[in-house]
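Text of the file work25.txt, holding compact mmCIF, C-alpha atoms:
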# COMPACT_ATOMS: atom_id res chain seq x y z
CA MET A 1236 0.00 0.00 0.00
CA VAL A 1237 1.78 3.07 -1.32
CA ILE A 1238 1.49 6.70 -0.25
CA GLU A 1239 0.01 8.73 -3.12
CA ASP A 1240 -0.33 12.05 -1.32
CA LEU A 1241 0.13 13.72 2.05
CA ILE A 1242 -2.52 16.37 2.62
CA ILE A 1243 -1.42 18.86 5.28
CA THR A 1244 -4.14 21.07 6.75
CA PRO A 1245 -3.29 23.66 9.41
CA ILE A 1246 -6.23 24.48 11.68
CA ALA A 1247 -7.23 26.84 14.49
CA PHE A 1248 -9.86 26.00 17.09
CA ALA A 1249 -11.39 27.79 20.05
CA ASP A 1250 -9.35 27.71 23.26
CA PRO A 1251 -10.28 29.27 26.64
CA PRO A 1252 -7.98 31.85 28.28
CA LEU A 1253 -6.00 29.33 30.33
CA LEU A 1254 -3.08 30.76 32.31
CA ASN A 1255 0.40 29.30 32.65
CA VAL A 1256 3.90 30.45 33.48
CA TRP A 1257 4.44 31.60 29.89
CA GLY A 1258 1.27 33.68 29.62
CA THR A 1259 -2.32 32.94 28.57
CA HIS A 1260 -3.81 30.77 25.83
CA GLU A 1261 -4.99 32.84 22.88
CA PRO A 1262 -8.61 32.66 21.63
CA THR A 1263 -7.60 29.96 19.13
CA ALA A 1264 -5.11 27.11 19.42
CA LEU A 1265 -3.06 25.96 16.44
CA ARG A 1266 -2.90 22.39 15.23
CA VAL A 1267 -2.21 20.54 11.97
CA VAL A 1268 -4.06 17.54 10.53
CA LEU A 1269 -2.46 15.02 8.16
CA GLN A 1270 -4.39 12.91 5.67
CA LEU A 1271 -2.17 10.24 4.17
CA ALA A 1272 -3.81 9.07 0.94
CA THR A 1273 -2.85 5.65 -0.46
CA ASP A 1274 -3.17 3.85 -3.78
CA GLU A 1275 -5.81 1.56 -2.23
CA GLY A 1276 -8.13 4.43 -1.37
CA ILE A 1277 -7.36 4.22 2.36
CA VAL A 1278 -6.62 7.48 4.18
CA GLY A 1279 -4.58 7.51 7.39
CA LEU A 1280 -5.03 10.35 9.87
CA GLY A 1281 -2.49 12.18 12.01
CA GLU A 1282 -2.56 15.29 14.21
CA ALA A 1283 0.23 17.42 15.63
CA PRO A 1284 0.91 20.79 17.27
CA GLY A 1285 0.58 23.59 14.72
CA GLY A 1286 2.19 26.87 13.83
CA ALA A 1287 3.97 28.15 10.74
CA SER A 1288 7.33 26.43 11.29
CA ARG A 1289 5.78 23.02 11.96
CA VAL A 1290 3.58 23.27 8.89
CA GLU A 1291 6.60 24.27 6.79
CA ARG A 1292 8.55 21.20 7.95
CA LEU A 1293 5.68 18.90 7.08
CA MET A 1294 5.45 20.51 3.65
CA GLN A 1295 9.16 19.78 3.16
CA ILE A 1296 8.54 16.12 3.93
CA ARG A 1297 5.57 15.69 1.62
CA GLU A 1298 7.24 15.08 -1.74
CA HIS A 1299 9.80 12.71 -0.20
CA VAL A 1300 7.32 10.23 1.26
CA VAL A 1301 5.08 9.94 -1.80
CA GLY A 1302 5.70 6.52 -3.37
CA LEU A 1303 6.76 4.80 -0.14
CA SER A 1304 4.83 1.97 1.48
CA VAL A 1305 2.89 2.84 4.63
CA PHE A 1306 4.41 -0.30 6.17
CA ASP A 1307 8.00 0.87 5.59
CA LEU A 1308 8.22 3.04 8.72
CA GLY A 1309 12.00 2.73 9.01
CA ARG A 1310 12.55 4.11 5.53
CA ILE A 1311 9.94 6.84 6.05
CA GLU A 1312 11.68 7.97 9.24
CA ALA A 1313 15.05 8.01 7.47
CA VAL A 1314 13.58 10.09 4.63
CA VAL A 1315 12.18 12.59 7.15
CA HIS A 1316 15.59 12.97 8.81
CA SER A 1317 17.22 13.48 5.40
CA ALA A 1318 14.64 15.98 4.16
CA LEU A 1319 14.92 18.03 7.37
CA ALA A 1320 18.69 17.79 7.82
CA GLY A 1321 18.88 21.53 8.38
CA VAL A 1322 16.96 21.46 11.67
CA GLY A 1323 17.64 19.76 14.99
CA VAL A 1324 16.91 16.10 15.59
CA ARG A 1325 14.07 16.87 18.00
CA GLU A 1326 12.31 18.99 15.38
CA ARG A 1327 12.75 16.12 12.91
CA LEU A 1328 11.28 13.61 15.35
CA ALA A 1329 8.32 15.92 16.01
CA ALA A 1330 7.69 16.12 12.26
CA TYR A 1331 7.88 12.34 11.86
CA ALA A 1332 5.50 11.62 14.75
CA PRO A 1333 2.15 12.52 13.09
CA LEU A 1334 3.28 10.80 9.91
CA GLU A 1335 3.90 7.58 11.85
CA VAL A 1336 0.41 7.88 13.40
CA ALA A 1337 -1.13 8.32 9.95
CA CYS A 1338 0.78 5.32 8.62
CA LEU A 1339 -0.35 3.15 11.54
CA ASP A 1340 -3.94 4.31 11.02
CA ALA A 1341 -3.73 3.33 7.35
CA GLN A 1342 -2.09 -0.01 8.21
CA GLY A 1343 -4.82 -0.81 10.70
CA LYS A 1344 -7.57 0.05 8.21
CA ALA A 1345 -5.94 -2.16 5.57
CA LEU A 1346 -5.53 -5.11 7.96
CA ALA A 1347 -8.81 -4.58 9.83
CA LEU A 1348 -6.86 -4.23 13.09
CA PRO A 1349 -6.82 -1.46 15.71
CA VAL A 1350 -3.56 0.44 16.14
CA SER A 1351 -3.20 -1.08 19.62
CA ASP A 1352 -2.79 -4.50 17.96
CA LEU A 1353 -0.12 -3.13 15.61
CA LEU A 1354 1.80 -1.84 18.64
CA GLY A 1355 1.85 -5.24 20.32
CA GLY A 1356 -1.56 -5.61 21.91
CA ARG A 1357 -3.40 -4.04 24.81
CA VAL A 1358 -2.54 -4.53 28.45
CA ARG A 1359 -5.62 -2.48 29.42
CA ASP A 1360 -8.96 -1.93 27.69
CA ARG A 1361 -9.64 1.48 29.25
CA VAL A 1362 -7.19 4.35 29.65
CA GLU A 1363 -7.58 6.68 32.61
CA TYR A 1364 -7.15 10.42 32.19
CA SER A 1365 -6.76 13.20 34.74
CA ALA A 1366 -8.81 16.37 35.06
CA TYR A 1367 -6.49 19.19 33.96
CA LEU A 1368 -7.17 22.27 36.09
CA PHE A 1369 -6.07 25.72 35.00
CA TYR A 1370 -6.21 29.19 36.41
CA LYS A 1371 -8.19 31.12 33.84
CA TRP A 1372 -9.73 34.45 33.03
CA ALA A 1373 -13.52 34.60 32.87
CA GLY A 1374 -13.31 34.73 29.09
CA HIS A 1375 -11.69 36.39 26.11
CA ASP A 1376 -12.20 40.10 25.37
CA GLY A 1377 -13.68 40.70 28.79
CA ASP A 1378 -16.57 38.29 28.22
CA SER A 1379 -17.39 35.24 30.34
CA ASP A 1380 -17.35 31.74 28.84
CA GLU A 1381 -19.16 28.62 30.08
CA TRP A 1382 -16.28 27.78 32.44
CA GLY A 1383 -16.12 31.14 34.18
CA GLU A 1384 -13.22 32.62 36.10
CA ALA A 1385 -10.80 30.52 38.15
CA LEU A 1386 -8.22 32.72 39.86
CA ASP A 1387 -8.58 31.42 43.40
CA ALA A 1388 -9.27 28.18 45.26
CA ASP A 1389 -13.04 28.52 44.98
CA GLY A 1390 -12.76 28.87 41.21
CA LEU A 1391 -10.47 25.85 40.94
CA VAL A 1392 -12.73 23.69 43.11
CA ALA A 1393 -15.73 24.68 40.99
CA GLU A 1394 -13.76 23.90 37.83
CA ALA A 1395 -12.84 20.48 39.22
CA HIS A 1396 -16.47 19.74 40.09
CA THR A 1397 -17.48 20.57 36.51
CA LEU A 1398 -14.83 18.32 34.97
CA ILE A 1399 -15.60 15.46 37.35
CA SER A 1400 -19.33 15.78 36.74
CA GLU A 1401 -19.00 15.78 32.96
CA TYR A 1402 -16.13 13.34 32.49
CA GLY A 1403 -15.96 11.30 35.69
CA PHE A 1404 -12.27 12.04 36.33
CA ARG A 1405 -10.75 10.41 39.41
CA SER A 1406 -7.50 12.36 39.60
CA LEU A 1407 -6.58 16.04 39.35
CA LYS A 1408 -3.69 18.06 37.98
CA LEU A 1409 -3.19 21.81 38.44
CA LYS A 1410 -1.15 23.88 36.01
CA GLY A 1411 0.74 26.20 38.33
CA GLY A 1412 3.47 28.79 37.92
CA VAL A 1413 0.87 31.56 37.71
CA PHE A 1414 0.86 32.91 41.26
CA ASP A 1415 3.51 32.95 43.96
CA PRO A 1416 4.25 29.54 45.53
CA ALA A 1417 2.55 30.28 48.87
CA THR A 1418 -0.70 31.15 47.10
CA GLU A 1419 -0.63 28.07 44.89
CA ILE A 1420 0.24 25.79 47.81
CA ASP A 1421 -2.77 27.17 49.66
CA HIS A 1422 -4.93 26.43 46.61
CA VAL A 1423 -3.56 22.90 46.41
CA ALA A 1424 -4.37 22.40 50.08
CA GLN A 1425 -7.95 23.47 49.46
CA LEU A 1426 -8.24 21.17 46.45
CA HIS A 1427 -6.86 18.34 48.59
CA ASP A 1428 -9.45 19.07 51.27
CA ALA A 1429 -12.26 19.20 48.69
CA PHE A 1430 -11.20 15.97 46.96
CA PRO A 1431 -9.25 13.96 49.56
CA GLU A 1432 -9.69 10.66 47.72
CA PHE A 1433 -8.28 11.97 44.42
CA PRO A 1434 -4.57 11.81 43.49
CA LEU A 1435 -3.42 15.40 42.92
CA ARG A 1436 -0.48 16.82 40.95
CA LEU A 1437 1.00 20.28 40.54
CA ASP A 1438 3.05 21.54 37.58
CA PRO A 1439 4.72 24.96 38.13
CA ASN A 1440 6.52 24.70 34.74
CA CYS A 1441 9.95 25.59 36.16
CA ALA A 1442 8.67 28.76 37.85
CA TRP A 1443 10.57 28.08 41.09
CA SER A 1444 14.23 28.28 42.06
CA VAL A 1445 15.88 25.21 43.60
CA GLU A 1446 15.58 26.71 47.09
CA THR A 1447 11.91 27.59 46.61
CA SER A 1448 11.23 24.15 45.11
CA ILE A 1449 12.68 22.35 48.14
CA LYS A 1450 10.74 24.49 50.60
CA SER A 1451 7.54 24.10 48.58
CA ALA A 1452 7.94 20.34 48.17
CA ARG A 1453 8.19 19.99 51.94
CA ARG A 1454 5.03 22.04 52.41
CA LEU A 1455 3.22 19.99 49.76
CA ASP A 1456 4.21 16.64 51.26
CA GLY A 1457 1.16 14.51 51.90
CA MET A 1458 -0.98 16.40 49.37
CA LEU A 1459 0.54 15.49 46.00
CA GLU A 1460 0.95 12.32 44.00
CA TYR A 1461 3.96 13.98 42.36
CA LEU A 1462 5.42 17.43 41.71
CA GLU A 1463 6.15 18.16 38.06
CA ASP A 1464 9.00 20.38 36.83
CA PRO A 1465 9.24 22.77 39.76
CA THR A 1466 12.63 24.10 38.61
CA PRO A 1467 14.58 24.21 35.31
CA GLY A 1468 17.12 21.67 34.10
CA ILE A 1469 18.40 18.24 35.10
CA GLU A 1470 20.92 19.66 37.57
CA GLY A 1471 18.28 21.81 39.23
CA MET A 1472 15.83 18.92 39.41
CA ALA A 1473 18.55 16.68 40.88
CA ALA A 1474 19.23 19.22 43.61
CA VAL A 1475 15.53 19.39 44.45
CA GLN A 1476 15.00 15.63 44.31
CA ALA A 1477 17.86 15.09 46.78
CA SER A 1478 15.92 17.02 49.43
CA SER A 1479 12.32 16.52 48.30
CA PRO A 1480 9.90 14.22 50.13
CA LEU A 1481 7.85 14.12 46.90
CA PRO A 1482 8.64 12.27 43.67
CA LEU A 1483 9.53 14.65 40.85
CA ALA A 1484 8.16 14.28 37.33
CA THR A 1485 9.17 15.99 34.09
CA ASN A 1486 8.24 16.70 30.52
CA MET A 1487 10.68 19.60 30.30
CA CYS A 1488 14.17 18.46 31.31
CA VAL A 1489 13.77 14.98 29.77
CA THR A 1490 12.13 15.19 26.35
CA ALA A 1491 14.24 12.74 24.32
CA PHE A 1492 16.25 9.54 24.82
CA ASP A 1493 19.56 11.37 24.98
CA ASP A 1494 18.35 13.22 28.10
CA LEU A 1495 17.84 9.98 30.01
CA PRO A 1496 21.46 8.97 30.88
CA GLN A 1497 22.23 12.21 32.72
CA ALA A 1498 18.82 12.33 34.40
CA ILE A 1499 19.19 8.75 35.61
CA ASP A 1500 22.82 9.24 36.67
CA ARG A 1501 21.94 12.39 38.62
CA ARG A 1502 18.75 10.81 40.04
CA ALA A 1503 16.95 13.95 38.97
CA ILE A 1504 13.50 12.49 38.40
CA GLN A 1505 11.27 9.60 39.33
CA ILE A 1506 8.59 9.98 36.64
CA VAL A 1507 8.83 10.81 32.93
CA LEU A 1508 5.89 12.27 31.02
CA GLY A 1509 6.03 10.80 27.53
CA ASP A 1510 4.38 12.41 24.52
CA HIS A 1511 4.35 10.76 21.10
CA HIS A 1512 4.14 14.19 19.43
CA ALA A 1513 7.51 15.20 20.90
CA TRP A 1514 9.39 11.91 21.31
CA GLY A 1515 9.08 10.87 17.67
CA GLY A 1516 6.00 8.72 17.51
CA MET A 1517 4.02 6.08 19.30
CA ARG A 1518 6.59 3.30 18.97
CA ARG A 1519 9.29 5.44 20.57
CA VAL A 1520 7.14 6.18 23.61
CA ALA A 1521 6.40 2.45 23.91
CA GLN A 1522 10.20 1.95 23.94
CA LEU A 1523 10.47 4.66 26.58
CA GLY A 1524 8.13 2.58 28.71
CA ARG A 1525 10.55 -0.36 28.62
CA ILE A 1526 13.44 1.89 29.62
CA CYS A 1527 11.42 3.29 32.51
CA GLU A 1528 10.68 -0.25 33.68
CA THR A 1529 14.39 -1.12 33.52
CA TRP A 1530 15.45 1.92 35.57
CA ARG A 1531 12.43 1.82 37.89
CA LEU A 1532 11.09 5.15 36.68
CA GLY A 1533 7.40 5.91 36.58
CA LEU A 1534 5.77 6.84 33.29
CA ALA A 1535 2.91 9.27 32.71
CA MET A 1536 1.65 11.06 29.59
CA HIS A 1537 1.97 14.74 28.69
CA SER A 1538 -0.67 16.75 26.83
CA ASN A 1539 -1.17 20.08 25.14
CA SER A 1540 -4.24 21.52 23.40
CA HIS A 1541 -5.49 18.79 21.08
CA LEU A 1542 -8.47 17.20 19.33
CA GLY A 1543 -9.79 13.68 18.77
CA ILE A 1544 -7.15 12.27 16.42
CA SER A 1545 -4.49 12.88 19.06
CA LEU A 1546 -6.77 11.59 21.83
CA ALA A 1547 -7.27 8.36 19.89
CA ALA A 1548 -3.51 7.97 19.35
CA MET A 1549 -2.79 8.69 23.02
CA THR A 1550 -5.39 6.12 24.08
CA HIS A 1551 -4.04 3.38 21.83
CA LEU A 1552 -0.50 4.10 22.98
CA ALA A 1553 -1.36 4.11 26.68
CA SER A 1554 -3.27 0.86 26.27
CA VAL A 1555 -0.16 -1.05 25.12
CA THR A 1556 2.37 0.45 27.54
CA PRO A 1557 2.54 -1.51 30.83
CA ALA A 1558 4.76 1.05 32.54
CA LEU A 1559 2.23 3.85 32.04
CA THR A 1560 0.40 3.46 35.34
CA PHE A 1561 -0.52 7.09 36.06
CA ALA A 1562 -3.68 8.69 34.70
CA CYS A 1563 -2.76 10.52 31.49
CA ASP A 1564 -2.88 14.29 31.08
CA THR A 1565 -5.37 15.64 28.56
CA HIS A 1566 -6.55 19.09 27.49
CA TYR A 1567 -9.39 17.49 25.54
CA PRO A 1568 -12.30 18.75 27.71
CA TRP A 1569 -11.18 22.34 27.06
CA ASN A 1570 -11.35 21.82 23.29
CA ALA A 1571 -13.86 18.99 22.81
CA ALA A 1572 -16.60 21.28 21.45
CA GLU A 1573 -14.41 21.92 18.38
CA ASP A 1574 -13.53 18.29 17.65
CA LEU A 1575 -13.30 17.21 14.03
CA VAL A 1576 -13.88 13.47 14.48
CA ARG A 1577 -17.33 11.94 14.53
CA PRO A 1578 -18.82 11.58 18.02
CA GLY A 1579 -19.09 8.20 19.68
CA ALA A 1580 -15.67 6.64 19.14
CA LEU A 1581 -14.03 8.37 22.13
CA VAL A 1582 -16.25 8.52 25.19
CA PHE A 1583 -15.16 9.41 28.74
CA GLU A 1584 -16.75 7.20 31.38
CA GLY A 1585 -15.43 7.28 34.92
CA GLY A 1586 -12.53 9.41 33.73
CA ALA A 1587 -11.41 6.78 31.24
CA VAL A 1588 -11.68 6.21 27.50
CA ALA A 1589 -12.31 2.74 26.13
CA VAL A 1590 -9.70 1.79 23.54
CA PRO A 1591 -11.35 1.90 20.10
CA ALA A 1592 -11.74 -1.57 18.63
CA ALA A 1593 -12.42 -0.39 15.07
CA PRO A 1594 -9.61 -0.63 12.49
CA GLY A 1595 -6.78 1.90 12.72
CA LEU A 1596 -7.23 4.69 15.22
CA GLY A 1597 -10.96 4.04 15.17
CA VAL A 1598 -11.96 7.63 14.43
CA GLU A 1599 -13.51 9.23 11.35
CA LEU A 1600 -12.77 12.75 10.16
CA VAL A 1601 -15.62 15.26 9.66
CA GLU A 1602 -14.48 17.01 6.48
CA SER A 1603 -16.79 20.00 6.92
CA LYS A 1604 -15.37 20.70 10.39
CA LEU A 1605 -11.82 20.37 9.07
CA ALA A 1606 -12.61 22.95 6.39
CA GLU A 1607 -14.15 25.29 8.98
CA LEU A 1608 -11.12 25.09 11.26
CA HIS A 1609 -8.77 25.58 8.31
CA GLU A 1610 -10.62 28.75 7.32
CA ARG A 1611 -10.27 29.98 10.88
CA TYR A 1612 -6.51 29.34 10.67
CA LEU A 1613 -6.28 31.33 7.44
CA SER A 1614 -8.20 34.23 9.02
CA ARG A 1615 -5.74 34.57 11.91
CA LYS A 1616 -3.41 37.56 11.74
CA SER A 1617 -0.51 35.40 12.92
CA HIS A 1618 0.26 31.72 12.51
CA LEU A 1619 2.45 31.73 15.59
CA ARG A 1620 1.33 31.10 19.16
CA SER A 1621 2.44 33.60 21.80
CA ASP A 1622 1.00 33.12 25.26
CA ALA A 1623 3.21 35.94 26.56
CA ALA A 1624 2.06 38.48 23.96
CA TYR A 1625 -1.58 37.65 24.63
CA ARG A 1626 -1.08 38.00 28.39
CA ARG A 1627 0.40 41.45 27.82
CA THR A 1628 -2.86 42.63 26.27
CA ARG A 1629 -4.13 42.75 29.87
CA GLU A 1630 -0.86 42.87 31.82
CA PRO A 1631 1.56 45.03 29.79
CA GLY A 1632 4.51 44.35 32.08
CA PHE A 1633 4.20 40.56 32.06
CA ASN A 1634 7.59 38.78 31.87
CA PRO A 1635 7.67 35.01 31.21
CA THR A 1636 11.22 34.52 32.48
CA VAL A 1637 11.78 31.46 34.71
CA PRO A 1638 12.53 30.70 37.46
CA ARG A 1639 10.35 33.50 38.79
CA TRP A 1640 10.27 32.78 42.52
Just give me the structure of the file as structure tokens.
Amino acid sequence: MVIEDLIITPIAFADPPLLNVWGTHEPTALRVVLQLATDEGIVGLGEAPGGASRVERLMQIREHVVGLSVFDLGRIEAVVHSALAGVGVRERLAAYAPLEVACLDAQGKALALPVSDLLGGRVRDRVEYSAYLFYKWAGHDGDSDEWGEALDADGLVAEAHTLISEYGFRSLKLKGGVFDPATEIDHVAQLHDAFPEFPLRLDPNCAWSVETSIKSARRLDGMLEYLEDPTPGIEGMAAVQASSPLPLATNMCVTAFDDLPQAIDRRAIQIVLGDHHAWGGMRRVAQLGRICETWRLGLAMHSNSHLGISLAAMTHLASVTPALTFACDTHYPWNAAEDLVRPGALVFEGGAVAVPAAPGLGVELVESKLAELHERYLSRKSHLRSDAAYRRTREPGFNPTVPRW
């Protein structure tokens, strides 16, 4: 089954004003959808983070993969590395990742097998996800959206209740790094009191110094399942881990295989957050799981703003990875209203998604929605995301430099 065309469609979809250490989410998030057309009439789907540079790299790949078999993943990966020789290896892996997903989707459709079978078979039939809590403005342009404002503990608790009610989540994660550590620790304490039976995580996104991280970890002891990326870099994380009563997790100082030796040698982390979009595909994250088992590291799953194609890929991947025992991160509830796959294939029940049993990823693209989101992308003034610039529309002096405290 040969690739006849690679259709690359950049999209923009509605995103609430979620706050983080870098700024605030803009009114639309950027993503790119791949449709890999084959000579047998089968189309494989892929999805990846968007933006002008990522779209340009995928366009560079396009002509080089036409004519290759969707089953020849090794050659396809080599062609991607060759076509993008002018950029770093991590950028090349990120460009290959959605192409691998599209190939696996096409393979599964051709063989009448779900992607989970192509990756070695499921070890779990349902994949648990965590409610992803954010500080947020009431809405864009001074308006209020359906979520409302969440700038204090009451807002966060209300947000958690909404997510739990609608999706059944049984664990919570708070994106921190927005307010000073004492304030966020107080908010975590109130979340812990409101949901004492739920595992809880905090991710300050490297907003804290080593000294602040150690002090904060001690104050958070007994409230958190793990503390994610409190401070920048492997050396900084190692210094914190040496004095922290909490396990430390990362998706910032370990984002590729060549980060692992130093992180393991320095005992900087106890949990890695894998992400097939960043690590170079689903098979690489499955390999990461084996390495984590060998070195007795925990494995979780990272997320950014995404739609249903990515959710399907994440679910298949998590289902075949024994080491992935933590509930996965997902932004999906924040963006679900804009999804471009047909409803019904991906349903949250009790905070978990059943692994699709249909061939491939098990999702079907809604072409009219894809066209709508593409038009929205074209209408944007910029095809770059800047959380900091958007934050400055309300806070002119905002500075995203880390560590901040």
Please identify all polymer residues within 6 Å of His1511 (chain A), counting only C-alpha atoms, omitting same-chain residues fewer than 5 positions from it, and present them as JSON, numbers by chain. {"A": [1516, 1517, 1520]}
Among the residues A:Pro1251, A:Pro1467, A:Gly1390, A:Pro1578, the one that comes closest to Pro1439 (chain A) [using only C-alpha atoms]: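 Ranking A:Pro1251, A:Pro1467, A:Gly1390, A:Pro1578 by distance to Pro1439 (chain A), first place goes to A:Pro1467.
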Nearest residue to His1512 (chain A) out of A:Arg1361, A:Lys1410, A:His1609, A:Arg1327, using all atoms listed in the file?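 Nearest to His1512 (chain A): A:Arg1327.
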Write out as a tab-separated table (two decimals) with C-alpha atoms, keeping the file's coordinate frame which residues come within 6 Å of Asp1564 (chain A) when counting all atoms listed in the file, dropping same-chain ones fewer than 5 positions away.
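Contents of selection-v6.tsv, as written:
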chain	number	residue	atom	x	y	z
A	1364	TYR	CA	-7.15	10.42	32.19
A	1365	SER	CA	-6.76	13.20	34.74
A	1536	MET	CA	1.65	11.06	29.59
A	1537	HIS	CA	1.97	14.74	28.69
A	1538	SER	CA	-0.67	16.75	26.83
Give me the region 1564-1615 of chain A side of the contact with region 1549-1558 of chain A, cut-off 10 Å, one line per residue showing its nearest atom pair and distance in Å at one decimal, counting all atoms listed in the file, sorted by chain and residue number, as JSON lines.
{"residue": "A:Asp1564", "atom": "CA", "partner": "A:Met1549", "partner_atom": "CA", "distance": 9.8}
{"residue": "A:Thr1565", "atom": "CA", "partner": "A:Met1549", "partner_atom": "CA", "distance": 9.3}
{"residue": "A:Leu1581", "atom": "CA", "partner": "A:Thr1550", "partner_atom": "CA", "distance": 9.1}
{"residue": "A:Ala1587", "atom": "CA", "partner": "A:Thr1550", "partner_atom": "CA", "distance": 9.4}
{"residue": "A:Val1588", "atom": "CA", "partner": "A:Thr1550", "partner_atom": "CA", "distance": 7.2}
{"residue": "A:Ala1589", "atom": "CA", "partner": "A:Thr1550", "partner_atom": "CA", "distance": 8.0}
{"residue": "A:Val1590", "atom": "CA", "partner": "A:His1551", "partner_atom": "CA", "distance": 6.1}
{"residue": "A:Pro1591", "atom": "CA", "partner": "A:His1551", "partner_atom": "CA", "distance": 7.7}
{"residue": "A:Ala1592", "atom": "CA", "partner": "A:His1551", "partner_atom": "CA", "distance": 9.7}
{"residue": "A:Gly1595", "atom": "CA", "partner": "A:His1551", "partner_atom": "CA", "distance": 9.6}
{"residue": "A:Leu1596", "atom": "CA", "partner": "A:His1551", "partner_atom": "CA", "distance": 7.5}
{"residue": "A:Gly1597", "atom": "CA", "partner": "A:His1551", "partner_atom": "CA", "distance": 9.6}
Long-range neighbours of Met1487 (chain A) as a list of chain:residue names, 9 Å cut-off, only C-alpha atoms, 2 positions minimum in chain: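 Final neighbour list, sorted by chain and number: A:Asn1440, A:Cys1441, A:Asp1464, A:Pro1467, A:Gly1468, A:Thr1485, A:Val1489, A:Thr1490, A:Leu1508.
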For the residues in the current selection, export C-alpha atoms as an mmCIF file, keeping the file's coordinate frame.
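part-v8.cif was written with the following content:
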data_model
loop_
_atom_site.group_PDB
_atom_site.id
_atom_site.type_symbol
_atom_site.label_atom_id
_atom_site.label_comp_id
_atom_site.auth_asym_id
_atom_site.auth_seq_id
_atom_site.Cartn_x
_atom_site.Cartn_y
_atom_site.Cartn_z
ATOM 1 C CA ASN A 1440 6.520 24.700 34.740
ATOM 2 C CA CYS A 1441 9.950 25.590 36.160
ATOM 3 C CA ASP A 1464 9.000 20.380 36.830
ATOM 4 C CA PRO A 1467 14.580 24.210 35.310
ATOM 5 C CA GLY A 1468 17.120 21.670 34.100
ATOM 6 C CA THR A 1485 9.170 15.990 34.090
ATOM 7 C CA VAL A 1489 13.770 14.980 29.770
ATOM 8 C CA THR A 1490 12.130 15.190 26.350
ATOM 9 C CA LEU A 1508 5.890 12.270 31.020
#
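Among the candidate residues A:Gly1509, A:Gly1281, A:Pro1431, A:Pro1416, the one lying nearest to Leu1269 (chain A) is A:Gly1281, with distances computed using all atoms listed in the file.
The residue set within 9 Å of Cys1527 (chain A), counting all atoms listed in the file and dropping same-chain residues fewer than 4 places from it, reads Ile1506, Val1507, Gln1522, Leu1523, Arg1531, Leu1532, Gly1533, Leu1534 and Ala1558 of chain A.
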Nearest to Asp1340 (chain A), chosen from A:Asp1352, A:Glu1602, A:Glu1432, A:Glu1384, with only C-alpha atoms counted in the distances: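 Looking at the shortest contact to Asp1340 (chain A), the residue is A:Asp1352.
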Would you pick out the contacts of Leu1293 (chain A) at 12 Å or less, using only C-alpha atoms, so that residues sharing its chain but fewer than 2 positions from it are not included, and give the list as a ChimeraX atom specification? /A:1241-1245,1267-1270,1281-1291,1295-1300,1315-1316,1318-1319,1326-1334
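When all atoms listed in the file are used to measure the gap to Lys1371 (chain A), the shortest distance among A:Asp1250, A:Glu1610, A:Asp1415, A:Asp1421 belongs to A:Asp1250.
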What separates CA of Val1322 (chain A) and CA of Gly1515 (chain A) is a distance of 14.5 Å
Considering all atoms listed in the file, can you say which of A:Val1475, A:Val1413, A:Val1576, A:Leu1605 comes closest to Trp1640 (chain A)?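 Ranking A:Val1475, A:Val1413, A:Val1576, A:Leu1605 by distance to Trp1640 (chain A), first place goes to A:Val1413.
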By how many Å are CA of Arg1611 (chain A) and CA of Gly1374 (chain A) apart?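 That distance, rounded to one decimal, is 19.1 Å.
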Work out how far apart CA of Glu1335 (chain A) and CA of Arg1310 (chain A) are and give it in Å to one decimal.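 Taking CA of Glu1335 (chain A) and CA of Arg1310 (chain A), their separation equals 11.3 Å.
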